[in-house]
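S.K.: Next comes data-v4.cif, mmCIF, C-alpha atoms and all ligand atoms:
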data_my_file
#
loop_
_atom_site.label_atom_id
_atom_site.label_comp_id
_atom_site.auth_asym_id
_atom_site.auth_seq_id
_atom_site.Cartn_x
_atom_site.Cartn_y
_atom_site.Cartn_z
CA MET A 142 -20.30 -27.11 70.86
CA GLN A 143 -20.65 -26.52 74.61
CA PHE A 144 -19.98 -22.86 75.44
CA LYS A 145 -19.14 -21.36 78.80
CA ASN A 146 -20.85 -18.18 77.55
CA ASP A 147 -23.33 -18.46 74.69
CA LEU A 148 -25.33 -15.30 75.48
CA ILE A 149 -24.78 -13.80 72.04
CA LEU A 150 -26.08 -16.90 70.25
CA ARG A 151 -29.18 -16.94 72.44
CA ALA A 152 -29.75 -13.22 71.89
CA ALA A 153 -29.38 -13.66 68.12
CA LYS A 154 -31.95 -16.46 68.09
CA GLY A 155 -34.40 -14.56 70.29
CA GLU A 156 -34.00 -17.01 73.18
CA ASP A 157 -33.94 -16.12 76.84
CA ILE A 158 -30.95 -14.17 78.18
CA GLU A 159 -29.95 -13.04 81.67
CA ARG A 160 -28.23 -9.87 80.42
CA TYR A 161 -27.48 -8.20 77.08
CA PRO A 162 -24.38 -9.54 75.31
CA VAL A 163 -21.75 -7.02 74.17
CA TRP A 164 -18.86 -6.89 71.70
CA LEU A 165 -17.32 -4.18 69.50
CA MET A 166 -16.79 -4.03 65.79
CA ARG A 167 -13.02 -3.69 65.21
CA GLN A 168 -12.34 -4.90 68.76
CA ALA A 169 -9.32 -6.84 67.51
CA GLY A 170 -7.10 -4.01 66.46
CA ARG A 171 -5.20 -0.88 67.18
CA ILE A 172 -7.00 0.15 70.37
CA LEU A 173 -5.06 -2.60 72.16
CA PRO A 174 -1.32 -2.06 72.84
CA GLU A 175 -1.09 -5.87 72.90
CA TYR A 176 -2.33 -5.93 69.28
CA ARG A 177 0.18 -3.29 68.22
CA ALA A 178 2.97 -5.32 69.86
CA VAL A 179 2.10 -8.44 67.84
CA ARG A 180 1.79 -6.40 64.63
CA ALA A 181 5.12 -4.63 65.23
CA LYS A 182 6.95 -7.97 65.07
CA LEU A 183 5.63 -8.56 61.55
CA SER A 184 5.99 -6.66 58.27
CA GLY A 185 2.49 -5.19 58.61
CA PHE A 186 -1.25 -5.76 58.62
CA LYS A 187 -1.29 -8.20 55.72
CA GLU A 188 1.27 -10.52 57.21
CA LEU A 189 -0.76 -10.55 60.41
CA VAL A 190 -3.93 -11.46 58.50
CA GLU A 191 -2.10 -14.17 56.55
CA THR A 192 -0.34 -15.81 59.52
CA PRO A 193 -3.00 -17.98 61.21
CA GLU A 194 -1.18 -18.32 64.57
CA ARG A 195 -0.82 -14.56 64.93
CA ALA A 196 -4.32 -13.82 63.58
CA ALA A 197 -5.73 -16.27 66.15
CA GLU A 198 -3.68 -14.60 68.90
CA VAL A 199 -5.06 -11.11 68.22
CA THR A 200 -8.59 -12.51 67.79
CA VAL A 201 -8.51 -13.85 71.35
CA GLN A 202 -6.95 -10.70 72.87
CA PRO A 203 -10.21 -8.73 73.31
CA VAL A 204 -11.83 -11.76 75.00
CA ASP A 205 -8.97 -11.93 77.52
CA LEU A 206 -8.35 -8.21 77.91
CA LEU A 207 -11.78 -6.62 77.50
CA GLY A 208 -14.18 -9.40 78.46
CA VAL A 209 -16.38 -9.23 75.37
CA ASP A 210 -19.07 -11.87 74.81
CA ALA A 211 -17.82 -12.90 71.36
CA ALA A 212 -14.62 -13.04 69.35
CA ILE A 213 -14.54 -11.92 65.71
CA ILE A 214 -11.95 -13.53 63.49
CA PHE A 215 -9.09 -11.17 62.74
CA SER A 216 -9.08 -10.68 58.97
CA ASP A 217 -10.42 -8.14 56.50
CA ILE A 218 -13.25 -7.93 54.00
CA LEU A 219 -10.63 -7.26 51.30
CA VAL A 220 -9.32 -10.83 51.32
CA VAL A 221 -12.25 -11.71 49.03
CA PRO A 222 -11.38 -9.37 46.12
CA GLU A 223 -7.78 -10.51 46.51
CA ALA A 224 -8.80 -14.18 46.30
CA MET A 225 -10.68 -13.28 43.11
CA GLY A 226 -7.53 -11.87 41.52
CA LEU A 227 -7.16 -8.26 42.67
CA GLU A 228 -4.27 -8.06 45.09
CA TYR A 229 -4.44 -5.28 47.71
CA GLN A 230 -1.93 -3.45 49.83
CA MET A 231 -2.68 -1.84 53.18
CA LEU A 232 -0.84 1.46 53.09
CA GLU A 233 0.19 3.02 56.39
CA ALA A 234 -2.12 5.94 57.28
CA LYS A 235 -3.79 5.69 53.85
CA GLY A 236 -5.72 2.44 53.96
CA PRO A 237 -6.31 -0.13 51.23
CA TRP A 238 -4.94 0.19 47.71
CA PHE A 239 -5.47 -2.09 44.68
CA GLU A 240 -3.21 -1.92 41.65
CA LYS A 241 -5.81 -3.45 39.34
CA THR A 242 -9.43 -2.28 39.34
CA ILE A 243 -12.62 -3.17 37.45
CA ARG A 244 -13.94 -0.27 35.40
CA SER A 245 -14.85 -1.98 32.11
CA VAL A 246 -15.91 -5.28 30.60
CA ASP A 247 -12.30 -5.75 29.52
CA ASP A 248 -11.10 -5.46 33.14
CA MET A 249 -13.20 -8.49 34.05
CA LYS A 250 -10.37 -10.60 32.64
CA ASN A 251 -8.44 -9.65 35.79
CA ILE A 252 -10.86 -11.76 37.79
CA ASP A 253 -10.82 -15.52 38.09
CA VAL A 254 -14.12 -17.11 37.18
CA THR A 255 -13.99 -20.01 39.60
CA ILE A 256 -11.82 -20.13 42.66
CA ASP A 257 -11.33 -22.65 45.44
CA VAL A 258 -11.85 -20.69 48.67
CA GLU A 259 -10.37 -23.49 50.77
CA ASP A 260 -7.17 -22.98 48.83
CA ARG A 261 -7.02 -19.19 48.38
CA LEU A 262 -8.47 -18.26 51.76
CA GLY A 263 -7.21 -21.30 53.63
CA TYR A 264 -5.22 -19.02 55.95
CA VAL A 265 -8.45 -17.48 57.32
CA LEU A 266 -10.00 -20.93 57.78
CA GLU A 267 -6.89 -22.11 59.61
CA ALA A 268 -7.02 -19.00 61.83
CA ILE A 269 -10.64 -19.90 62.70
CA ARG A 270 -9.64 -23.43 63.68
CA LEU A 271 -6.71 -22.20 65.80
CA THR A 272 -8.84 -19.50 67.46
CA ASN A 273 -11.43 -22.05 68.57
CA LYS A 274 -8.70 -24.21 70.11
CA GLU A 275 -7.49 -21.18 72.00
CA LEU A 276 -10.99 -20.05 73.03
CA ASP A 277 -11.91 -23.52 74.22
CA GLY A 278 -15.62 -22.65 74.23
CA ARG A 279 -15.28 -19.49 76.33
CA VAL A 280 -17.30 -17.44 73.81
CA PRO A 281 -18.60 -17.96 70.26
CA LEU A 282 -16.49 -16.93 67.27
CA ILE A 283 -17.96 -14.61 64.63
CA GLY A 284 -16.96 -15.08 60.99
CA PHE A 285 -17.57 -12.32 58.45
CA ALA A 286 -17.39 -11.02 54.92
CA GLY A 287 -18.07 -7.76 53.13
CA ALA A 288 -21.40 -7.43 51.33
CA PRO A 289 -21.18 -7.67 47.53
CA TRP A 290 -21.97 -3.96 47.10
CA THR A 291 -19.18 -2.86 49.46
CA ILE A 292 -16.66 -5.25 47.89
CA PHE A 293 -17.75 -4.00 44.45
CA CYS A 294 -16.92 -0.45 45.61
CA TYR A 295 -13.34 -1.41 46.50
CA MET A 296 -12.87 -3.46 43.31
CA VAL A 297 -14.01 -0.56 41.14
CA GLU A 298 -12.46 2.32 43.08
CA GLY A 299 -9.25 0.52 44.07
CA LYS A 300 -9.15 2.48 47.32
CA GLY A 301 -11.36 4.26 49.80
CA SER A 302 -13.36 7.24 48.58
CA LYS A 303 -15.63 9.95 49.92
CA THR A 304 -18.15 9.61 47.11
CA PHE A 305 -17.47 6.21 45.48
CA SER A 306 -18.54 7.96 42.30
CA GLU A 307 -16.66 5.55 39.99
CA SER A 308 -18.64 2.70 41.54
CA ARG A 309 -21.96 4.53 41.33
CA LYS A 310 -21.16 5.68 37.79
CA ILE A 311 -21.10 2.08 36.55
CA LEU A 312 -24.60 1.51 37.92
CA TYR A 313 -25.79 4.06 35.33
CA THR A 314 -23.34 3.54 32.49
CA ASN A 315 -23.10 -0.25 32.50
CA PRO A 316 -25.60 -1.92 34.84
CA THR A 317 -25.01 -5.26 33.10
CA LEU A 318 -21.34 -5.17 34.05
CA ALA A 319 -22.28 -4.16 37.60
CA HIS A 320 -24.61 -7.15 37.95
CA GLU A 321 -22.03 -9.48 36.45
CA LEU A 322 -19.40 -8.39 38.96
CA LEU A 323 -21.84 -8.38 41.89
CA SER A 324 -22.95 -11.92 40.99
CA ARG A 325 -19.40 -13.17 40.92
CA ILE A 326 -18.62 -11.58 44.28
CA THR A 327 -21.82 -13.10 45.68
CA ASP A 328 -20.89 -16.62 44.57
CA VAL A 329 -17.44 -16.42 46.15
CA THR A 330 -18.84 -14.86 49.33
CA ILE A 331 -21.36 -17.69 49.78
CA GLN A 332 -18.62 -20.30 49.34
CA TYR A 333 -16.34 -18.39 51.70
CA LEU A 334 -18.93 -17.98 54.48
CA LYS A 335 -19.90 -21.66 54.22
CA ALA A 336 -16.22 -22.57 54.54
CA GLN A 337 -15.93 -20.34 57.62
CA VAL A 338 -18.83 -22.18 59.27
CA LYS A 339 -17.25 -25.52 58.39
CA ALA A 340 -13.98 -24.34 59.93
CA GLY A 341 -15.78 -23.33 63.14
CA ALA A 342 -17.45 -19.90 62.89
CA HIS A 343 -20.49 -19.93 65.21
CA MET A 344 -22.11 -16.78 63.85
CA LEU A 345 -21.69 -14.69 60.70
CA GLN A 346 -21.82 -10.97 59.99
CA ILE A 347 -22.03 -9.26 56.63
CA PHE A 348 -20.58 -5.74 56.56
CA ASP A 349 -22.21 -3.45 54.01
CA SER A 350 -20.21 -0.38 54.97
CA TRP A 351 -21.16 1.63 51.88
CA ALA A 352 -24.87 0.74 51.76
CA GLY A 353 -25.75 4.31 52.74
CA ILE A 354 -24.32 5.91 49.61
CA LEU A 355 -27.08 4.43 47.43
CA GLY A 356 -30.68 5.56 47.25
CA THR A 357 -33.34 3.08 48.33
CA GLU A 358 -34.19 1.83 44.82
CA GLN A 359 -30.58 1.42 43.77
CA TYR A 360 -29.73 -0.33 47.02
CA ALA A 361 -32.62 -2.73 46.40
CA GLU A 362 -31.30 -3.53 42.93
CA PHE A 363 -27.53 -3.59 43.48
CA GLY A 364 -27.29 -4.32 47.21
CA MET A 365 -30.27 -6.10 48.72
CA LYS A 366 -30.76 -8.48 45.81
CA TYR A 367 -27.37 -10.05 46.52
CA LEU A 368 -27.74 -9.93 50.31
CA GLU A 369 -30.97 -11.85 49.89
CA LYS A 370 -29.18 -14.52 47.89
CA ILE A 371 -26.46 -14.83 50.52
CA ALA A 372 -28.94 -14.93 53.42
CA ASN A 373 -30.98 -17.65 51.73
CA GLU A 374 -27.90 -19.83 51.28
CA LEU A 375 -26.68 -19.59 54.87
CA ASN A 376 -28.96 -21.24 57.37
CA GLU A 377 -26.61 -23.12 59.66
CA VAL A 378 -25.60 -20.37 62.09
CA PRO A 379 -27.10 -17.02 63.15
CA LEU A 380 -26.54 -14.29 60.59
CA THR A 381 -26.19 -10.53 61.15
CA ILE A 382 -26.63 -8.00 58.37
CA PHE A 383 -25.02 -4.60 58.99
CA SER A 384 -25.97 -2.19 56.22
CA LYS A 385 -24.42 1.04 57.40
CA GLY A 386 -26.50 4.13 56.69
CA ALA A 387 -29.30 2.28 54.91
CA ILE A 388 -32.04 3.79 57.03
CA THR A 389 -34.76 3.67 54.39
CA SER A 390 -33.98 0.03 53.58
CA VAL A 391 -34.59 -1.24 57.12
CA PRO A 392 -38.09 -2.60 56.27
CA ALA A 393 -36.56 -4.61 53.40
CA ILE A 394 -33.60 -5.78 55.47
CA ALA A 395 -36.01 -6.99 58.14
CA LYS A 396 -37.53 -9.36 55.56
CA LEU A 397 -34.18 -11.01 54.83
CA ASN A 398 -33.48 -14.47 56.10
CA CYS A 399 -31.26 -13.25 58.95
CA ASN A 400 -31.39 -13.22 62.75
CA THR A 401 -29.86 -9.87 63.57
CA ILE A 402 -29.85 -6.42 62.03
CA GLY A 403 -26.92 -4.16 62.81
CA LEU A 404 -27.71 -0.47 63.23
CA ASP A 405 -25.35 2.47 62.98
CA TRP A 406 -25.73 5.36 65.39
CA ASN A 407 -27.84 7.46 62.99
CA MET A 408 -30.64 4.97 63.24
CA ASP A 409 -33.21 5.17 65.99
CA ILE A 410 -33.69 2.05 68.11
CA VAL A 411 -37.34 2.71 69.00
CA GLU A 412 -38.34 3.55 65.42
CA THR A 413 -36.45 0.57 64.04
CA ARG A 414 -38.06 -1.77 66.54
CA LYS A 415 -41.48 -0.53 65.43
CA ILE A 416 -40.58 -1.32 61.81
CA ILE A 417 -39.01 -4.73 62.31
CA GLY A 418 -41.10 -6.04 65.22
CA GLU A 419 -39.82 -8.77 67.52
CA SER A 420 -38.81 -11.26 64.85
CA ARG A 421 -35.21 -9.99 64.59
CA THR A 422 -32.48 -9.07 67.04
CA ILE A 423 -31.05 -5.54 66.87
CA GLN A 424 -27.31 -5.01 67.21
CA GLY A 425 -25.73 -1.66 68.00
CA ASN A 426 -25.66 1.27 68.08
CA LEU A 427 -23.69 3.55 70.42
CA ASP A 428 -21.91 6.40 68.62
CA PRO A 429 -18.22 5.32 68.61
CA CYS A 430 -17.35 8.91 69.65
CA VAL A 431 -19.06 8.41 73.02
CA LEU A 432 -15.92 6.46 73.96
CA TYR A 433 -13.92 9.71 73.83
CA ALA A 434 -16.05 11.15 76.64
CA ALA A 435 -15.40 10.88 80.39
CA HIS A 436 -16.05 7.50 82.03
CA SER A 437 -19.21 8.83 83.70
CA GLU A 438 -20.56 9.97 80.31
CA VAL A 439 -19.72 6.63 78.68
CA GLU A 440 -21.69 4.94 81.43
CA LYS A 441 -24.60 7.38 81.11
CA GLN A 442 -24.86 7.06 77.32
CA THR A 443 -24.59 3.27 77.45
CA ILE A 444 -27.40 3.08 80.03
CA ARG A 445 -29.44 5.53 77.94
CA LEU A 446 -29.04 3.21 74.95
CA MET A 447 -30.20 0.14 76.88
CA ASP A 448 -33.06 2.10 78.46
CA SER A 449 -34.37 2.66 74.92
CA PHE A 450 -34.68 -1.09 74.32
CA THR A 451 -38.21 -2.43 74.53
CA SER A 452 -37.35 -6.13 74.65
CA LYS A 453 -34.60 -8.69 75.18
CA ARG A 454 -33.76 -9.01 71.50
CA HIS A 455 -30.59 -6.91 71.56
CA ILE A 456 -26.84 -7.31 71.18
CA VAL A 457 -25.02 -4.22 72.40
CA ASN A 458 -22.30 -2.85 70.13
CA LEU A 459 -21.13 0.45 68.72
CA GLY A 460 -22.77 1.87 65.61
CA HIS A 461 -19.53 1.27 63.67
CA GLY A 462 -16.00 0.08 64.38
CA VAL A 463 -14.20 1.39 67.45
CA TYR A 464 -11.79 4.21 66.54
CA PRO A 465 -8.13 3.26 66.94
CA ASP A 466 -7.20 6.10 69.33
CA VAL A 467 -9.89 5.28 71.89
CA ASP A 468 -8.60 4.50 75.40
CA PRO A 469 -9.20 0.77 76.13
CA GLU A 470 -10.23 1.79 79.66
CA LYS A 471 -13.25 3.57 78.14
CA VAL A 472 -14.08 0.40 76.24
CA LYS A 473 -13.93 -1.49 79.53
CA THR A 474 -16.34 1.01 81.10
CA PHE A 475 -18.73 0.49 78.16
CA ILE A 476 -18.55 -3.29 78.57
CA LYS A 477 -18.90 -3.20 82.37
CA THR A 478 -21.95 -0.94 82.10
CA VAL A 479 -23.64 -3.44 79.79
CA LYS A 480 -22.78 -6.36 82.04
CA ASP A 481 -24.05 -4.60 85.18
CA TYR A 482 -27.33 -3.49 83.59
CA GLU A 483 -30.41 -5.20 84.93
CA LEU A 484 -32.88 -6.46 82.34
CA ARG A 485 -36.36 -4.97 82.56
CA PHE A 486 -38.04 -7.74 80.56
O1 LIG A 501 -13.75 -6.32 63.88
C1 LIG A 501 -12.65 -6.90 64.09
O2 LIG A 501 -11.98 -6.68 65.10
C2 LIG A 501 -12.18 -7.93 63.09
C3 LIG A 501 -11.29 -7.47 62.09
C4 LIG A 501 -11.75 -6.55 60.97
C5 LIG A 501 -10.84 -5.70 60.31
N1 LIG A 501 -11.48 -5.11 59.26
C6 LIG A 501 -9.43 -5.51 60.69
C7 LIG A 501 -8.71 -4.32 60.23
C8 LIG A 501 -13.00 -6.42 60.34
C9 LIG A 501 -14.33 -7.04 60.67
C10 LIG A 501 -12.80 -5.52 59.24
C11 LIG A 501 -13.86 -5.16 58.29
C12 LIG A 501 -13.62 -4.13 57.29
N2 LIG A 501 -12.47 -3.85 56.60
C13 LIG A 501 -14.62 -3.26 56.80
C14 LIG A 501 -16.08 -3.30 57.18
C15 LIG A 501 -16.33 -2.63 58.47
C16 LIG A 501 -16.20 -1.15 58.42
O3 LIG A 501 -15.26 -0.66 59.09
O4 LIG A 501 -17.00 -0.49 57.76
C17 LIG A 501 -14.02 -2.42 55.83
C18 LIG A 501 -14.72 -1.34 55.05
C19 LIG A 501 -12.66 -2.81 55.71
C20 LIG A 501 -11.64 -2.25 54.80
C21 LIG A 501 -10.50 -1.66 55.53
N3 LIG A 501 -9.59 -2.37 56.28
C22 LIG A 501 -10.12 -0.31 55.55
C23 LIG A 501 -10.86 0.81 54.86
C24 LIG A 501 -8.98 -0.21 56.35
C25 LIG A 501 -8.15 1.01 56.58
C26 LIG A 501 -8.71 1.91 57.60
C27 LIG A 501 -8.19 1.55 58.97
O5 LIG A 501 -8.99 1.35 59.87
O6 LIG A 501 -6.95 1.54 59.10
C28 LIG A 501 -8.69 -1.52 56.84
C29 LIG A 501 -7.58 -1.88 57.74
C30 LIG A 501 -7.87 -2.72 58.92
N4 LIG A 501 -8.73 -3.77 58.98
C31 LIG A 501 -7.25 -2.56 60.19
C32 LIG A 501 -7.78 -3.57 61.01
C33 LIG A 501 -7.42 -3.87 62.44
C34 LIG A 501 -6.19 -1.54 60.54
C35 LIG A 501 -4.86 -2.02 60.02
C36 LIG A 501 -3.73 -1.86 60.99
O7 LIG A 501 -3.58 -2.65 61.92
O8 LIG A 501 -2.98 -0.93 60.74
#
Let me see whether you can do it: turn the structure in this file into structure tokens.
Ligand code: CP3
M.R.:
Amino acid sequence: MQFKNDLILRAAKGEDIERYPVWLMRQAGRILPEYRAVRAKLSGFKELVETPERAAEVTVQPVDLLGVDAAIIFSDILVVPEAMGLEYQMLEAKGPWFEKTIRSVDDMKNIDVTIDVEDRLGYVLEAIRLTNKELDGRVPLIGFAGAPWTIFCYMVEGKGSKTFSESRKILYTNPTLAHELLSRITDVTIQYLKAQVKAGAHMLQIFDSWAGILGTEQYAEFGMKYLEKIANELNEVPLTIFSKGAITSVPAIAKLNCNTIGLDWNMDIVETRKIIGESRTIQGNLDPCVLYAAHSEVEKQTIRLMDSFTSKRHIVNLGHGVYPDVDPEKVKTFIKTVKDYELRF
């Protein structure tokens, strides 16, 4: 594939770059009035995710409107548990909700043992193909999936939670069941990510949004073990692992077979660089709340972030998804500041 802008791929691989690439987690979404207009014509979020033409349209919007250096396919991590047999609903102002959950060995019957991802998640793969036609090589397209631990949390809890205590409870009361479920999620996720690459994803990111609720040892056993398996199976395109809040697991994450490590805004760039060395790219990590500040402050904080970098191996992003009520003009200031910044290395 010949790209007009392949900065992000070069940054991920540790190759030479002329400036830092930039994109935002959750860039395709409610911050853009153009997204809300497309969504308003449909019954809701799920129909948008499941209609490849519309999903492709909103995937390309931030490239056209914000000038980001990568597109990320418009979908959700929850399509995987659904493909496995647990249907979800996206409730207005409440978030995801699953009717069936996994809390016992008996509940495992709700899950299909083998599934064909090309069939059940074909709508995502079609959206990837359509997006690439639309992008025409302007920027690379990022595919993604949730990490097994985070998907496990939603399958057990059935909704969001402050503590995810039902999920953590199982780790103590029935670790065998936990491993069984995590293994099944892992197998489907590997198949799904491979299918995304085949359909045209040029990079992959794994979101482990709830990594930070486990202690280091438990994260090693119930999180990292499965991330390692996934990372070892996916060698075709650059891979980013974003384990939100897993500060103490950074040394272990740095040993995974991945190119880029995503950092949330609680993690320190200088300290992390010392731990991981130059063999991985760092992605992140501006506090998403900076984008509520005045334009001059957005610029200042963004420059401050890049001033803390000690090498070229960086992809600039927020430390988590952009909040839906952020002014897109602030996002543009963030992006412009990155693009105008002169490399010191
Ligand atoms: O980044 C992108 O622009 C691509 C699309 C994307 C979405 N969700 C679209 C979405 C991606 C990469 C995700 C990942 C995702 N989904 C994660 C991991 C990242 C993270 O935020 O930690 C998680 C945990 C989910 C699960 C999820 N999806 C929740 C908890 C919610 C409800 C909260 C919310 O933001 O409304 C969603 C809904 C969702 N996923 C929306 C979007 C644009 C909002 C739905 C809408 O349009 O109303």
S.K.: Within 9 Å of Leu262 in chain A, counting all atoms listed in the file, which residues qualify if same-chain residues fewer than 4 places away don't, as a list of chain:residue names?
M.R.: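 The neighbour list is A:Glu191, A:Val220, A:Val221, A:Ala224, A:Asp257, A:Val258, A:Leu266, A:Glu267, A:Tyr333.
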S.K.: So what do you get for CA of Phe486 in chain A versus CA of Met408 in chain A, distance-wise?
M.R.: 22.7 Å
S.K.: Around (-5.0, -15.6, 65.0) in the file's own coordinates, what residues are found within 12 Å if you use only C-alpha atoms, given back as a PDB file with C-alpha atoms, in the coordinates of the input?
M.R.:
ATOM      1  CA  ALA A 169      -9.320  -6.840  67.510  1.00  0.00           C
ATOM      2  CA  GLY A 170      -7.100  -4.010  66.460  1.00  0.00           C
ATOM      3  CA  TYR A 176      -2.330  -5.930  69.280  1.00  0.00           C
ATOM      4  CA  VAL A 179       2.100  -8.440  67.840  1.00  0.00           C
ATOM      5  CA  ARG A 180       1.790  -6.400  64.630  1.00  0.00           C
ATOM      6  CA  GLU A 188       1.270 -10.520  57.210  1.00  0.00           C
ATOM      7  CA  LEU A 189      -0.760 -10.550  60.410  1.00  0.00           C
ATOM      8  CA  VAL A 190      -3.930 -11.460  58.500  1.00  0.00           C
ATOM      9  CA  GLU A 191      -2.100 -14.170  56.550  1.00  0.00           C
ATOM     10  CA  THR A 192      -0.340 -15.810  59.520  1.00  0.00           C
ATOM     11  CA  PRO A 193      -3.000 -17.980  61.210  1.00  0.00           C
ATOM     12  CA  GLU A 194      -1.180 -18.320  64.570  1.00  0.00           C
ATOM     13  CA  ARG A 195      -0.820 -14.560  64.930  1.00  0.00           C
ATOM     14  CA  ALA A 196      -4.320 -13.820  63.580  1.00  0.00           C
ATOM     15  CA  ALA A 197      -5.730 -16.270  66.150  1.00  0.00           C
ATOM     16  CA  GLU A 198      -3.680 -14.600  68.900  1.00  0.00           C
ATOM     17  CA  VAL A 199      -5.060 -11.110  68.220  1.00  0.00           C
ATOM     18  CA  THR A 200      -8.590 -12.510  67.790  1.00  0.00           C
ATOM     19  CA  VAL A 201      -8.510 -13.850  71.350  1.00  0.00           C
ATOM     20  CA  GLN A 202      -6.950 -10.700  72.870  1.00  0.00           C
ATOM     21  CA  PRO A 203     -10.210  -8.730  73.310  1.00  0.00           C
ATOM     22  CA  ALA A 212     -14.620 -13.040  69.350  1.00  0.00           C
ATOM     23  CA  ILE A 213     -14.540 -11.920  65.710  1.00  0.00           C
ATOM     24  CA  ILE A 214     -11.950 -13.530  63.490  1.00  0.00           C
ATOM     25  CA  PHE A 215      -9.090 -11.170  62.740  1.00  0.00           C
ATOM     26  CA  SER A 216      -9.080 -10.680  58.970  1.00  0.00           C
ATOM     27  CA  TYR A 264      -5.220 -19.020  55.950  1.00  0.00           C
ATOM     28  CA  VAL A 265      -8.450 -17.480  57.320  1.00  0.00           C
ATOM     29  CA  LEU A 266     -10.000 -20.930  57.780  1.00  0.00           C
ATOM     30  CA  GLU A 267      -6.890 -22.110  59.610  1.00  0.00           C
ATOM     31  CA  ALA A 268      -7.020 -19.000  61.830  1.00  0.00           C
ATOM     32  CA  ILE A 269     -10.640 -19.900  62.700  1.00  0.00           C
ATOM     33  CA  ARG A 270      -9.640 -23.430  63.680  1.00  0.00           C
ATOM     34  CA  LEU A 271      -6.710 -22.200  65.800  1.00  0.00           C
ATOM     35  CA  THR A 272      -8.840 -19.500  67.460  1.00  0.00           C
ATOM     36  CA  ASN A 273     -11.430 -22.050  68.570  1.00  0.00           C
ATOM     37  CA  LYS A 274      -8.700 -24.210  70.110  1.00  0.00           C
ATOM     38  CA  GLU A 275      -7.490 -21.180  72.000  1.00  0.00           C
ATOM     39  CA  LEU A 276     -10.990 -20.050  73.030  1.00  0.00           C
ATOM     40  CA  LEU A 282     -16.490 -16.930  67.270  1.00  0.00           C
TER      41      LEU A 282
END
S.K.: Out of A:Arg445, A:Arg309, A:Lys303, A:His455, which residue has the shortest atom-to-atom distance to ligand LIG 501 (chain A) when counting only C-alpha atoms and all ligand atoms?
M.R.: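 Under the stated criterion, the closest residue is A:Lys303.
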S.K.: At what distance in Å, to one decimal, does CA of Pro162 in chain A lie from CA of Ile394 in chain A?
M.R.: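 Going from CA of Ile394 in chain A over to CA of Pro162 in chain A, I get 22.2 Å.
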S.K.: Let me see if you get this right: every residue at most 9 Å from ligand LIG 501 (chain A), counting all atoms listed in the file, written as a short mmCIF file (atom, residue, chain, number, x, y, z; two decimals) with C-alpha atoms, in the frame of the given file.
M.R.:
data_model
loop_
_atom_site.label_atom_id
_atom_site.label_comp_id
_atom_site.auth_asym_id
_atom_site.auth_seq_id
_atom_site.Cartn_x
_atom_site.Cartn_y
_atom_site.Cartn_z
CA LEU A 165 -17.32 -4.18 69.50
CA MET A 166 -16.79 -4.03 65.79
CA ARG A 167 -13.02 -3.69 65.21
CA GLN A 168 -12.34 -4.90 68.76
CA ALA A 169 -9.32 -6.84 67.51
CA GLY A 170 -7.10 -4.01 66.46
CA ARG A 171 -5.20 -0.88 67.18
CA ILE A 172 -7.00 0.15 70.37
CA TYR A 176 -2.33 -5.93 69.28
CA ARG A 177 0.18 -3.29 68.22
CA ARG A 180 1.79 -6.40 64.63
CA GLY A 185 2.49 -5.19 58.61
CA PHE A 186 -1.25 -5.76 58.62
CA LYS A 187 -1.29 -8.20 55.72
CA LEU A 189 -0.76 -10.55 60.41
CA VAL A 190 -3.93 -11.46 58.50
CA VAL A 199 -5.06 -11.11 68.22
CA THR A 200 -8.59 -12.51 67.79
CA PRO A 203 -10.21 -8.73 73.31
CA ALA A 212 -14.62 -13.04 69.35
CA ILE A 213 -14.54 -11.92 65.71
CA ILE A 214 -11.95 -13.53 63.49
CA PHE A 215 -9.09 -11.17 62.74
CA SER A 216 -9.08 -10.68 58.97
CA ASP A 217 -10.42 -8.14 56.50
CA ILE A 218 -13.25 -7.93 54.00
CA LEU A 219 -10.63 -7.26 51.30
CA MET A 231 -2.68 -1.84 53.18
CA LEU A 232 -0.84 1.46 53.09
CA GLU A 233 0.19 3.02 56.39
CA ALA A 234 -2.12 5.94 57.28
CA LYS A 235 -3.79 5.69 53.85
CA GLY A 236 -5.72 2.44 53.96
CA PRO A 237 -6.31 -0.13 51.23
CA ILE A 283 -17.96 -14.61 64.63
CA GLY A 284 -16.96 -15.08 60.99
CA PHE A 285 -17.57 -12.32 58.45
CA ALA A 286 -17.39 -11.02 54.92
CA GLY A 287 -18.07 -7.76 53.13
CA ALA A 288 -21.40 -7.43 51.33
CA THR A 291 -19.18 -2.86 49.46
CA ILE A 292 -16.66 -5.25 47.89
CA TYR A 295 -13.34 -1.41 46.50
CA LYS A 300 -9.15 2.48 47.32
CA GLY A 301 -11.36 4.26 49.80
CA GLN A 346 -21.82 -10.97 59.99
CA ILE A 347 -22.03 -9.26 56.63
CA PHE A 348 -20.58 -5.74 56.56
CA ASP A 349 -22.21 -3.45 54.01
CA SER A 350 -20.21 -0.38 54.97
CA TRP A 351 -21.16 1.63 51.88
CA PHE A 383 -25.02 -4.60 58.99
CA LYS A 385 -24.42 1.04 57.40
CA HIS A 461 -19.53 1.27 63.67
CA GLY A 462 -16.00 0.08 64.38
CA VAL A 463 -14.20 1.39 67.45
CA TYR A 464 -11.79 4.21 66.54
CA PRO A 465 -8.13 3.26 66.94
#
S.K.: What separation in Å, quoted to one decimal, exists between CA of Ile326 in chain A and CA of Thr314 in chain A?
M.R.: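 Straight-line distance from CA of Ile326 in chain A to CA of Thr314 in chain A works out to 19.7 Å.
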S.K.: Find the residues with any atom within 10 Å of (-23.2, -26.8, 66.9); use all atoms listed in the file and the coordinates as given in the file, and write the answer as an MDAnalysis selection string.
M.R.: chainID A and resid 142:144 338 341:343 377:378
S.K.: Excluding Leu427 in chain A and any residue of its chain fewer than 6 positions from it, enumerate the residues within 9 Å of it, using only C-alpha atoms, and give them as a list of chain:residue names.
M.R.: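 Near Leu427 in chain A, the qualifying residues are A:Asp405, A:Trp406, A:Gln442, A:Thr443, A:Leu446, A:Val457, A:Asn458, A:Leu459, A:Gly460, A:His461.
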